[in-house]
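Visitor: Below you'll find protein12.tsv; it's TSV, C-alpha atoms (C1' of nucleotides).
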```tsv
chain	number	residue	atom	x	y	z
A	1	MET	CA	-1.00	-41.95	1.13
A	2	ASP	CA	-1.58	-40.55	-2.28
A	3	ARG	CA	1.40	-40.06	-4.53
A	4	ILE	CA	0.29	-36.55	-5.38
A	5	ASP	CA	0.22	-35.66	-1.72
A	6	SER	CA	3.71	-37.06	-1.33
A	7	CYS	CA	4.86	-34.85	-4.17
A	8	LEU	CA	3.26	-31.73	-2.77
A	9	ILE	CA	4.68	-32.35	0.66
A	10	ALA	CA	8.16	-32.93	-0.72
A	11	LEU	CA	7.84	-29.77	-2.79
A	12	ARG	CA	6.84	-27.76	0.26
A	13	ARG	CA	9.85	-29.11	2.11
A	14	ILE	CA	12.07	-28.06	-0.77
A	15	LEU	CA	10.56	-24.59	-0.92
A	16	ARG	CA	10.88	-24.08	2.79
A	17	ALA	CA	14.47	-25.30	2.90
A	18	SER	CA	15.46	-23.01	0.11
A	19	GLU	CA	13.69	-20.05	1.69
A	20	SER	CA	15.18	-20.38	5.13
A	21	HIS	CA	18.56	-21.10	3.65
A	22	GLY	CA	18.34	-17.85	1.70
A	23	LYS	CA	17.74	-15.92	4.88
A	24	GLU	CA	20.65	-17.50	6.68
A	25	LEU	CA	23.01	-17.03	3.81
A	26	ALA	CA	22.13	-13.38	3.42
A	27	GLN	CA	22.39	-12.67	7.11
A	28	SER	CA	25.78	-14.33	7.28
A	29	VAL	CA	27.12	-11.90	4.70
A	30	GLY	CA	25.39	-8.85	6.14
A	31	MET	CA	22.70	-8.07	3.63
A	32	THR	CA	19.14	-9.04	2.90
A	33	PRO	CA	18.25	-11.96	0.64
A	34	VAL	CA	17.03	-9.68	-2.10
A	35	GLN	CA	20.15	-7.57	-2.02
A	36	PHE	CA	22.28	-10.67	-2.18
A	37	ARG	CA	20.31	-11.92	-5.14
A	38	VAL	CA	20.98	-8.67	-6.98
A	39	ILE	CA	24.68	-8.96	-6.27
A	40	GLN	CA	24.68	-12.50	-7.58
A	41	ILE	CA	22.94	-11.49	-10.78
A	42	VAL	CA	25.41	-8.70	-11.38
A	43	ALA	CA	28.29	-11.05	-10.67
A	44	GLU	CA	27.07	-13.56	-13.23
A	45	THR	CA	27.42	-11.14	-16.08
A	46	GLY	CA	30.09	-8.76	-14.86
A	47	SER	CA	27.75	-5.83	-15.08
A	48	SER	CA	24.07	-5.44	-15.63
A	49	THR	CA	21.61	-2.64	-16.16
A	50	ALA	CA	18.81	-1.89	-13.76
A	51	GLY	CA	16.18	-2.95	-16.26
A	52	ALA	CA	17.84	-6.27	-16.96
A	53	ILE	CA	17.95	-7.02	-13.27
A	54	ALA	CA	14.29	-6.12	-12.90
A	55	LYS	CA	13.30	-8.49	-15.69
A	56	ARG	CA	15.45	-11.24	-14.33
A	57	MET	CA	13.84	-10.91	-10.93
A	58	HIS	CA	10.32	-10.42	-12.26
A	59	VAL	CA	10.08	-7.19	-10.40
A	60	ALA	CA	9.30	-3.58	-11.29
A	61	PRO	CA	12.21	-1.35	-12.27
A	62	ALA	CA	11.37	1.06	-9.46
A	63	THR	CA	11.99	-1.71	-6.98
A	64	VAL	CA	15.43	-2.39	-8.36
A	65	THR	CA	16.30	1.30	-8.18
A	66	ALA	CA	15.54	1.30	-4.48
A	67	ILE	CA	17.62	-1.80	-3.84
A	68	ILE	CA	20.53	-0.44	-5.84
A	69	ASP	CA	20.32	2.76	-3.81
A	70	LYS	CA	20.90	0.81	-0.65
A	71	LEU	CA	23.63	-1.38	-2.09
A	72	GLU	CA	25.38	1.71	-3.40
A	73	ARG	CA	25.14	3.54	-0.10
A	74	ALA	CA	26.61	0.46	1.58
A	75	GLY	CA	29.46	0.39	-0.91
A	76	HIS	CA	28.53	-2.93	-2.50
A	77	VAL	CA	27.97	-1.65	-6.02
A	78	SER	CA	28.54	1.48	-8.03
A	79	ARG	CA	26.56	3.00	-10.87
A	80	GLN	CA	28.19	4.07	-14.06
A	81	GLN	CA	26.52	5.33	-17.18
A	82	SER	CA	26.72	3.09	-20.18
A	83	GLN	CA	29.07	4.30	-22.91
A	84	THR	CA	26.87	3.04	-25.70
A	85	ASP	CA	23.52	4.26	-24.41
A	86	ARG	CA	23.61	6.95	-21.81
A	87	ARG	CA	20.08	6.22	-20.71
A	88	GLN	CA	21.17	3.00	-19.10
A	89	THR	CA	23.27	2.78	-16.00
A	90	ASP	CA	25.52	-0.20	-15.59
A	91	ILE	CA	25.66	-1.67	-12.14
A	92	VAL	CA	29.11	-2.96	-11.26
A	93	LEU	CA	30.41	-4.71	-8.19
A	94	THR	CA	32.95	-3.15	-5.88
A	95	GLU	CA	35.90	-5.03	-4.49
A	96	GLN	CA	34.02	-5.24	-1.23
A	97	SER	CA	31.07	-7.15	-2.63
A	98	ARG	CA	33.37	-9.36	-4.67
A	99	ARG	CA	35.02	-10.38	-1.42
A	100	VAL	CA	31.59	-10.99	0.07
A	101	LEU	CA	30.71	-13.31	-2.78
A	102	ASP	CA	34.01	-15.15	-2.52
A	103	ARG	CA	33.57	-16.12	1.06
A	104	ALA	CA	29.81	-16.53	0.88
A	105	PRO	CA	29.31	-20.11	1.91
A	106	ASP	CA	26.46	-21.27	-0.22
A	107	ALA	CA	25.88	-24.08	2.20
A	108	LEU	CA	22.73	-25.41	0.67
A	109	GLN	CA	24.11	-25.72	-2.83
A	110	GLN	CA	27.32	-27.22	-1.59
A	111	LYS	CA	25.59	-29.73	0.61
A	112	PHE	CA	23.32	-30.59	-2.27
A	113	ALA	CA	26.28	-30.97	-4.58
A	114	THR	CA	28.23	-33.28	-2.31
A	115	ASP	CA	25.16	-35.33	-1.46
A	116	PHE	CA	24.29	-35.53	-5.10
A	117	GLU	CA	27.74	-36.62	-6.16
A	118	GLY	CA	27.58	-39.42	-3.63
A	119	LEU	CA	24.61	-40.98	-5.39
A	120	GLU	CA	24.73	-43.82	-7.86
A	121	ASP	CA	24.82	-42.83	-11.48
A	122	TRP	CA	21.33	-44.13	-12.19
A	123	GLU	CA	19.92	-42.22	-9.25
A	124	GLN	CA	21.47	-38.97	-10.40
A	125	ALA	CA	19.95	-39.46	-13.81
A	126	MET	CA	16.60	-40.25	-12.26
A	127	ILE	CA	16.62	-37.09	-10.18
A	128	VAL	CA	17.54	-34.86	-13.07
A	129	ALA	CA	14.79	-36.36	-15.17
A	130	ALA	CA	12.21	-36.07	-12.41
A	131	LEU	CA	13.07	-32.49	-11.52
A	132	GLU	CA	12.91	-31.37	-15.10
A	133	ARG	CA	9.62	-33.14	-15.54
A	134	VAL	CA	8.18	-31.45	-12.48
A	135	ALA	CA	9.54	-28.06	-13.47
A	136	ALA	CA	7.90	-28.44	-16.86
A	137	MET	CA	4.60	-29.36	-15.27
A	138	MET	CA	4.75	-26.38	-12.98
A	139	ASP	CA	5.99	-23.56	-15.13
A	140	GLY	CA	4.22	-24.68	-18.23
A	141	THR	CA	7.32	-24.73	-20.38
A	142	ASN	CA	8.09	-28.01	-22.00
A	143	ALA	CA	11.40	-28.32	-23.71
A	144	ASP	CA	10.13	-31.21	-25.81
A	145	ARG	CA	7.09	-29.52	-27.21
A	146	GLY	CA	8.51	-26.98	-29.61
A	147	ALA	CA	8.61	-23.24	-29.56
A	148	VAL	CA	4.97	-22.33	-29.99
A	149	LEU	CA	4.35	-21.47	-26.38
A	150	TYR	CA	5.88	-18.88	-24.15
A	151	PRO	CA	6.34	-15.40	-25.36
A	152	GLY	CA	7.20	-14.58	-21.75
A	153	GLU	CA	10.59	-13.51	-20.49
A	154	LEU	CA	10.73	-10.96	-23.27
B	1	MET	CA	26.07	-29.58	-19.02
B	2	ASP	CA	26.64	-30.79	-15.53
B	3	ARG	CA	23.90	-32.79	-13.86
B	4	ILE	CA	24.10	-30.66	-10.75
B	5	ASP	CA	23.54	-27.55	-12.79
B	6	SER	CA	20.53	-29.17	-14.40
B	7	CYS	CA	19.14	-29.90	-10.97
B	8	LEU	CA	19.69	-26.39	-9.69
B	9	ILE	CA	18.12	-24.86	-12.76
B	10	ALA	CA	15.10	-27.10	-12.51
B	11	LEU	CA	14.78	-26.25	-8.83
B	12	ARG	CA	14.89	-22.55	-9.60
B	13	ARG	CA	12.16	-23.04	-12.18
B	14	ILE	CA	10.06	-24.84	-9.60
B	15	LEU	CA	10.60	-22.12	-7.00
B	16	ARG	CA	9.75	-19.39	-9.43
B	17	ALA	CA	6.62	-21.13	-10.67
B	18	SER	CA	5.36	-21.66	-7.18
B	19	GLU	CA	6.10	-18.08	-6.21
B	20	SER	CA	4.41	-16.42	-9.13
B	21	HIS	CA	1.52	-18.80	-8.85
B	22	GLY	CA	1.05	-17.72	-5.25
B	23	LYS	CA	0.78	-14.12	-6.33
B	24	GLU	CA	-1.76	-14.86	-9.02
B	25	LEU	CA	-3.87	-17.01	-6.78
B	26	ALA	CA	-3.96	-14.43	-4.05
B	27	GLN	CA	-4.76	-11.62	-6.45
B	28	SER	CA	-7.58	-13.59	-7.99
B	29	VAL	CA	-9.28	-13.82	-4.62
B	30	GLY	CA	-8.51	-10.26	-3.63
B	31	MET	CA	-5.91	-10.60	-0.96
B	32	THR	CA	-2.16	-10.89	-0.63
B	33	PRO	CA	-0.36	-14.24	-0.62
B	34	VAL	CA	0.45	-13.99	3.05
B	35	GLN	CA	-3.12	-13.15	3.96
B	36	PHE	CA	-4.35	-16.08	1.94
B	37	ARG	CA	-1.88	-18.35	3.68
B	38	VAL	CA	-3.21	-17.27	7.04
B	39	ILE	CA	-6.76	-17.97	5.93
B	40	GLN	CA	-5.71	-21.41	4.75
B	41	ILE	CA	-4.05	-22.22	8.04
B	42	VAL	CA	-7.11	-21.16	9.98
B	43	ALA	CA	-9.31	-23.18	7.68
B	44	GLU	CA	-7.28	-26.32	8.22
B	45	THR	CA	-7.98	-26.38	11.91
B	46	GLY	CA	-11.29	-24.57	12.19
B	47	SER	CA	-9.79	-21.94	14.41
B	48	SER	CA	-6.32	-21.05	15.46
B	49	THR	CA	-4.66	-18.69	17.88
B	50	ALA	CA	-2.35	-15.94	16.76
B	51	GLY	CA	0.64	-17.62	18.31
B	52	ALA	CA	-0.02	-20.93	16.61
B	53	ILE	CA	-0.23	-19.20	13.26
B	54	ALA	CA	3.02	-17.38	13.92
B	55	LYS	CA	4.81	-20.62	14.71
B	56	ARG	CA	3.39	-22.36	11.72
B	57	MET	CA	4.54	-19.57	9.44
B	58	HIS	CA	7.92	-19.16	11.15
B	59	VAL	CA	7.16	-15.55	11.77
B	60	ALA	CA	7.04	-13.23	14.78
B	61	PRO	CA	3.74	-12.93	16.65
B	62	ALA	CA	3.69	-9.20	16.04
B	63	THR	CA	3.64	-9.83	12.33
B	64	VAL	CA	0.61	-12.07	12.60
B	65	THR	CA	-1.20	-9.46	14.65
B	66	ALA	CA	-0.77	-6.95	11.85
B	67	ILE	CA	-2.03	-9.37	9.22
B	68	ILE	CA	-5.01	-10.36	11.32
B	69	ASP	CA	-5.81	-6.68	11.76
B	70	LYS	CA	-6.13	-6.29	8.03
B	71	LEU	CA	-8.06	-9.49	7.52
B	72	GLU	CA	-10.44	-8.48	10.26
B	73	ARG	CA	-10.96	-5.01	8.86
B	74	ALA	CA	-11.71	-6.60	5.50
B	75	GLY	CA	-14.23	-8.92	7.12
B	76	HIS	CA	-12.34	-12.12	6.38
B	77	VAL	CA	-11.84	-13.24	9.97
B	78	SER	CA	-13.03	-12.33	13.42
B	79	ARG	CA	-11.30	-12.48	16.76
B	80	GLN	CA	-12.87	-14.08	19.75
B	81	GLN	CA	-11.34	-14.66	23.13
B	82	SER	CA	-10.70	-18.23	24.05
B	83	GLN	CA	-13.04	-19.64	26.68
B	84	THR	CA	-10.39	-21.75	28.31
B	85	ASP	CA	-7.58	-19.19	28.39
B	86	ARG	CA	-8.58	-15.60	28.04
B	87	ARG	CA	-5.08	-14.58	27.07
B	88	GLN	CA	-5.45	-16.24	23.73
B	89	THR	CA	-7.64	-15.00	20.94
B	90	ASP	CA	-9.08	-17.52	18.55
B	91	ILE	CA	-9.13	-16.48	14.94
B	92	VAL	CA	-12.17	-17.78	13.10
B	93	LEU	CA	-13.21	-17.48	9.50
B	94	THR	CA	-16.25	-15.55	8.41
B	95	GLU	CA	-18.71	-16.82	5.85
B	96	GLN	CA	-17.12	-14.46	3.39
B	97	SER	CA	-13.67	-15.98	3.58
B	98	ARG	CA	-15.10	-19.47	3.55
B	99	ARG	CA	-16.71	-18.63	0.24
B	100	VAL	CA	-13.38	-17.26	-0.97
B	101	LEU	CA	-11.68	-20.52	-0.12
B	102	ASP	CA	-14.38	-22.57	-1.81
B	103	ARG	CA	-14.01	-20.91	-5.15
B	104	ALA	CA	-10.27	-20.36	-4.90
B	105	PRO	CA	-8.95	-22.19	-7.90
B	106	ASP	CA	-5.65	-23.60	-6.86
B	107	ALA	CA	-4.64	-23.79	-10.48
B	108	LEU	CA	-1.09	-24.87	-9.96
B	109	GLN	CA	-1.93	-27.80	-7.74
B	110	GLN	CA	-4.74	-28.88	-10.01
B	111	LYS	CA	-2.67	-28.63	-13.13
B	112	PHE	CA	0.06	-30.55	-11.40
B	113	ALA	CA	-2.41	-33.19	-10.28
B	114	THR	CA	-3.90	-33.77	-13.72
B	115	ASP	CA	-0.51	-33.74	-15.41
B	116	PHE	CA	0.79	-36.13	-12.81
B	117	GLU	CA	-2.09	-38.53	-13.15
B	118	GLY	CA	-1.47	-38.68	-16.86
B	119	LEU	CA	1.97	-40.14	-16.33
B	120	GLU	CA	2.89	-43.79	-16.47
B	121	ASP	CA	2.94	-45.59	-13.17
B	122	TRP	CA	6.69	-46.04	-13.17
B	123	GLU	CA	7.21	-42.36	-13.87
B	124	GLN	CA	4.99	-41.32	-11.00
B	125	ALA	CA	6.94	-43.56	-8.69
B	126	MET	CA	10.18	-42.17	-9.98
B	127	ILE	CA	9.10	-38.59	-9.37
B	128	VAL	CA	7.93	-39.28	-5.83
B	129	ALA	CA	11.19	-40.99	-5.02
B	130	ALA	CA	13.27	-38.24	-6.56
B	131	LEU	CA	11.42	-35.40	-4.89
B	132	GLU	CA	11.66	-37.03	-1.50
B	133	ARG	CA	15.31	-37.66	-2.02
B	134	VAL	CA	15.91	-34.04	-2.95
B	135	ALA	CA	13.83	-32.75	-0.07
B	136	ALA	CA	15.84	-34.88	2.32
B	137	MET	CA	19.10	-33.58	0.91
B	138	MET	CA	17.91	-30.02	1.25
B	139	ASP	CA	16.22	-29.89	4.61
B	140	GLY	CA	18.46	-32.39	6.33
B	141	THR	CA	15.64	-34.63	7.46
B	142	ASN	CA	15.41	-38.11	6.05
B	143	ALA	CA	12.03	-39.78	6.16
B	144	ASP	CA	13.50	-43.19	5.47
B	145	ARG	CA	15.63	-43.17	8.53
B	146	GLY	CA	13.06	-44.00	11.17
B	147	ALA	CA	10.67	-41.99	13.26
B	148	VAL	CA	13.20	-40.10	15.31
B	149	LEU	CA	12.98	-37.01	13.21
B	150	TYR	CA	10.09	-34.65	12.53
B	151	PRO	CA	9.29	-32.88	15.75
B	152	GLY	CA	8.53	-29.90	13.56
B	153	GLU	CA	5.16	-28.42	12.78
B	154	LEU	CA	4.34	-28.46	16.47
C	1	DC	C1'	-4.97	-14.28	48.80
C	2	DT	C1'	-0.96	-12.06	47.19
C	3	DT	C1'	3.41	-11.95	45.13
C	4	DG	C1'	6.21	-13.01	41.34
C	5	DG	C1'	7.12	-15.36	37.15
C	6	DT	C1'	5.43	-16.94	32.73
C	7	DT	C1'	2.72	-16.77	28.51
C	8	DA	C1'	-0.30	-14.61	24.72
C	9	DT	C1'	-1.17	-10.84	22.38
C	10	DT	C1'	-0.89	-6.17	21.07
C	11	DT	C1'	1.26	-1.49	20.32
C	12	DC	C1'	4.97	1.23	18.62
C	13	DG	C1'	8.60	2.58	15.79
C	14	DC	C1'	11.49	1.20	12.11
C	15	DA	C1'	13.29	-1.02	7.81
C	16	DA	C1'	12.83	-3.67	3.48
C	17	DC	C1'	10.23	-4.59	-0.57
C	18	DA	C1'	6.97	-3.88	-4.16
C	19	DC	C1'	4.10	-1.23	-7.15
C	20	DA	C1'	1.90	2.57	-10.09
C	21	DA	C1'	2.23	6.96	-11.89
C	22	DA	C1'	4.73	10.88	-12.98
C	23	DA	C1'	9.16	13.02	-14.05
C	24	DT	C1'	13.58	13.11	-16.41
C	25	DA	C1'	16.91	12.15	-19.76
C	26	DA	C1'	18.57	10.04	-23.83
C	27	DC	C1'	17.77	7.75	-27.97
C	28	DA	C1'	15.54	7.06	-32.71
C	29	DT	C1'	12.87	8.00	-36.57
C	30	DG	C1'	10.00	10.63	-39.28
D	1	DC	C1'	13.80	19.44	-35.37
D	2	DA	C1'	9.46	17.22	-33.59
D	3	DT	C1'	7.63	13.19	-31.95
D	4	DG	C1'	7.51	9.01	-29.91
D	5	DT	C1'	9.93	5.42	-27.43
D	6	DT	C1'	13.01	3.56	-23.92
D	7	DA	C1'	15.71	3.48	-19.39
D	8	DT	C1'	15.85	5.04	-15.12
D	9	DT	C1'	14.55	7.63	-11.15
D	10	DT	C1'	11.30	10.09	-7.96
D	11	DT	C1'	7.27	10.14	-5.21
D	12	DG	C1'	3.78	8.28	-2.61
D	13	DT	C1'	1.47	4.26	-0.78
D	14	DG	C1'	0.73	-0.44	1.02
D	15	DT	C1'	2.25	-4.94	2.91
D	16	DT	C1'	5.31	-7.63	5.42
D	17	DG	C1'	8.69	-8.30	8.96
D	18	DC	C1'	11.13	-7.45	13.33
D	19	DG	C1'	12.41	-6.17	18.33
D	20	DA	C1'	11.20	-4.02	22.47
D	21	DA	C1'	7.93	-2.48	25.53
D	22	DA	C1'	3.15	-2.65	27.22
D	23	DT	C1'	-0.95	-5.17	28.63
D	24	DA	C1'	-3.58	-8.83	30.30
D	25	DA	C1'	-4.30	-13.30	31.98
D	26	DC	C1'	-2.61	-17.45	33.89
D	27	DC	C1'	-0.08	-20.24	37.43
D	28	DA	C1'	2.58	-21.66	41.30
D	29	DA	C1'	4.38	-20.96	45.57
D	30	DG	C1'	4.29	-18.97	49.98
```
In structure tokens, how does this file's structure come out?
Guide:
Amino acid sequence: MDRIDSCLIALRRILRASESHGKELAQSVGMTPVQFRVIQIVAETGSSTAGAIAKRMHVAPATVTAIIDKLERAGHVSRQQSQTDRRQTDIVLTEQSRRVLDRAPDALQQKFATDFEGLEDWEQAMIVAALERVAAMMDGTNADRGAVLYPGEL
Amino acid sequence: MDRIDSCLIALRRILRASESHGKELAQSVGMTPVQFRVIQIVAETGSSTAGAIAKRMHVAPATVTAIIDKLERAGHVSRQQSQTDRRQTDIVLTEQSRRVLDRAPDALQQKFATDFEGLEDWEQAMIVAALERVAAMMDGTNADRGAVLYPGEL
DNA sequence: CTTGGTTATTTCGCAACACAAAATAACATG
DNA sequence: CATGTTATTTTGTGTTGCGAAATAACCAAG
């Protein structure tokens, strides 16, 4: 079999695993995958504005508003106007969602981490190199090739 | 930075690239990603029943019915009762959707293929090995471990 | 052949997500 | 202050997804 086919098949397996894992994880903590992702993003930075979340998720601001509405109604986050710019609303986690995050068993990442740590040093290095190579081929960015490309993300 | 973090970041880049590519591809041919995926599945086998598609996509039969409805209304597929079992309805492509598939430029796969072919032999081998390793760690299956596994896809 | 159980698909009602366009409010600069 | 820009929300619409019930066809006794 062709090496390219092997790559594409492996990639599909990876995508599928990560997708179905996302569903399980979210269900186990009582929210949808998207809602959980928002919570995670807010948790990373302490608090985040709606627009920042939208950019981060590559999604329209209106979509984030709707998701925040549901999270707020469920008591997972609260809105509070920014002190510095009253147009923006900071999204902050409640105690409740912080507890959710604490006991959220990110099984896939943890399994990956333990499996990965069990590998030989050279194999770990190989995997990192390969994944970064593949990522660069797929998303077009190439850390080695200077800053000319990619206005995106702004 | 930790090697595990590097892996997870690269994986996220890969997921994101594949996701946004799916959207672009589908838009360029005038349907949604899910609709395009259904068309692809039907194309692979010539014709497929609703139930088979649902299983393949890990989705409820009712969902497939709705998608087929739209594809049919748009003239991309047609339903026809199976000769052997009149409970099942075979989904078959129309000329129109076959043309769509022909000129669908699967840019991501092609870019990946050309990039990949440009690599040194040893690097190709490394990437295949790494991706398969990662896939095995993520989806639990392990292709190296004999033929016991892989009932899936049926 | 009929009865009862199974299977394939559809219909129905509901929820989540995603977007564009318009509305609102606050900021910033002339 | 007038104008334009920015951040968010509202409104309306479309797609995807599900479960439960309905429909239709198959199949295996009896």
Visitor: Residues of chain C within 12 Å of chain A, using all atoms listed in the file, as a PDB file with C-alpha atoms (C1' of nucleotides), keeping the file's coordinate frame?
Guide:
```
ATOM      1  C1'  DA C  15      13.290  -1.020   7.810  1.00  0.00           C
ATOM      2  C1'  DA C  16      12.830  -3.670   3.480  1.00  0.00           C
ATOM      3  C1'  DC C  17      10.230  -4.590  -0.570  1.00  0.00           C
ATOM      4  C1'  DA C  18       6.970  -3.880  -4.160  1.00  0.00           C
ATOM      5  C1'  DC C  19       4.100  -1.230  -7.150  1.00  0.00           C
ATOM      6  C1'  DA C  20       1.900   2.570 -10.090  1.00  0.00           C
ATOM      7  C1'  DA C  21       2.230   6.960 -11.890  1.00  0.00           C
ATOM      8  C1'  DT C  24      13.580  13.110 -16.410  1.00  0.00           C
ATOM      9  C1'  DA C  25      16.910  12.150 -19.760  1.00  0.00           C
ATOM     10  C1'  DA C  26      18.570  10.040 -23.830  1.00  0.00           C
ATOM     11  C1'  DC C  27      17.770   7.750 -27.970  1.00  0.00           C
ATOM     12  C1'  DA C  28      15.540   7.060 -32.710  1.00  0.00           C
TER      13       DA C  28
END
```
Visitor: What are the residues of chain B that have an atom within 10 Å of an atom of chain A, counting only C-alpha atoms, as JSON, numbers by chain?
Guide: {"B": [3, 4, 5, 6, 7, 8, 9, 10, 11, 12, 13, 14, 15, 16, 17, 18, 19, 20, 21, 58, 108, 109, 111, 112, 113, 114, 115, 116, 117, 123, 124, 125, 126, 127, 128, 129, 130, 131, 132, 133, 134, 135, 136, 137, 138, 139, 140, 141]}
Visitor: Neighbours of stretch 25-29 of chain D within 12 Å (only C-alpha atoms (C1' of nucleotides); same-chain residues fewer than 5 positions away dropped), as a ChimeraX atom specification?
Guide: /B:81-82,84-89 /C:1-9
Visitor: If the cut-off is 12 Å, can you tell me the residues of chain D near chain B, counting all atoms listed in the file? I'd like them as a PDB file with C-alpha atoms (C1' of nucleotides), in the frame of the given file.
Guide:
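What follows is the written file part.pdb:
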```pdb
ATOM      1  C1'  DG D  14       0.730  -0.440   1.020  1.00  0.00           C
ATOM      2  C1'  DT D  15       2.250  -4.940   2.910  1.00  0.00           C
ATOM      3  C1'  DT D  16       5.310  -7.630   5.420  1.00  0.00           C
ATOM      4  C1'  DG D  17       8.690  -8.300   8.960  1.00  0.00           C
ATOM      5  C1'  DC D  18      11.130  -7.450  13.330  1.00  0.00           C
ATOM      6  C1'  DG D  19      12.410  -6.170  18.330  1.00  0.00           C
ATOM      7  C1'  DA D  20      11.200  -4.020  22.470  1.00  0.00           C
ATOM      8  C1'  DT D  23      -0.950  -5.170  28.630  1.00  0.00           C
ATOM      9  C1'  DA D  24      -3.580  -8.830  30.300  1.00  0.00           C
ATOM     10  C1'  DA D  25      -4.300 -13.300  31.980  1.00  0.00           C
ATOM     11  C1'  DC D  26      -2.610 -17.450  33.890  1.00  0.00           C
ATOM     12  C1'  DC D  27      -0.080 -20.240  37.430  1.00  0.00           C
TER      13       DC D  27
END
```
Visitor: How many Å lie between atom CA of A:Arg99 and atom CA of A:Ile68, rounded to one decimal?
Guide: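 Going from atom CA of A:Arg99 over to atom CA of A:Ile68, I get 18.1 Å.
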Visitor: Atom CA of A:Ala43 and atom CA of A:Leu93 are how many Å apart?
Guide: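 If I compute the distance from atom CA of A:Ala43 to atom CA of A:Leu93, I get 7.1 Å.
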Visitor: Would you compute the distance between atom CA of A:His76 and atom CA of A:Ala54? Give it in Å to one decimal.
Guide: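 Taking atom CA of A:His76 as the start and atom CA of A:Ala54 as the end point, the length is 17.9 Å.
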Visitor: Would you please work out which residue, of D:DA22, D:DC1, D:DT6, D:DT11, is nearest to C:DA22 when using all atoms listed in the file?
Guide: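 Nearest candidate to C:DA22 out of D:DA22, D:DC1, D:DT6, D:DT11: D:DT11.
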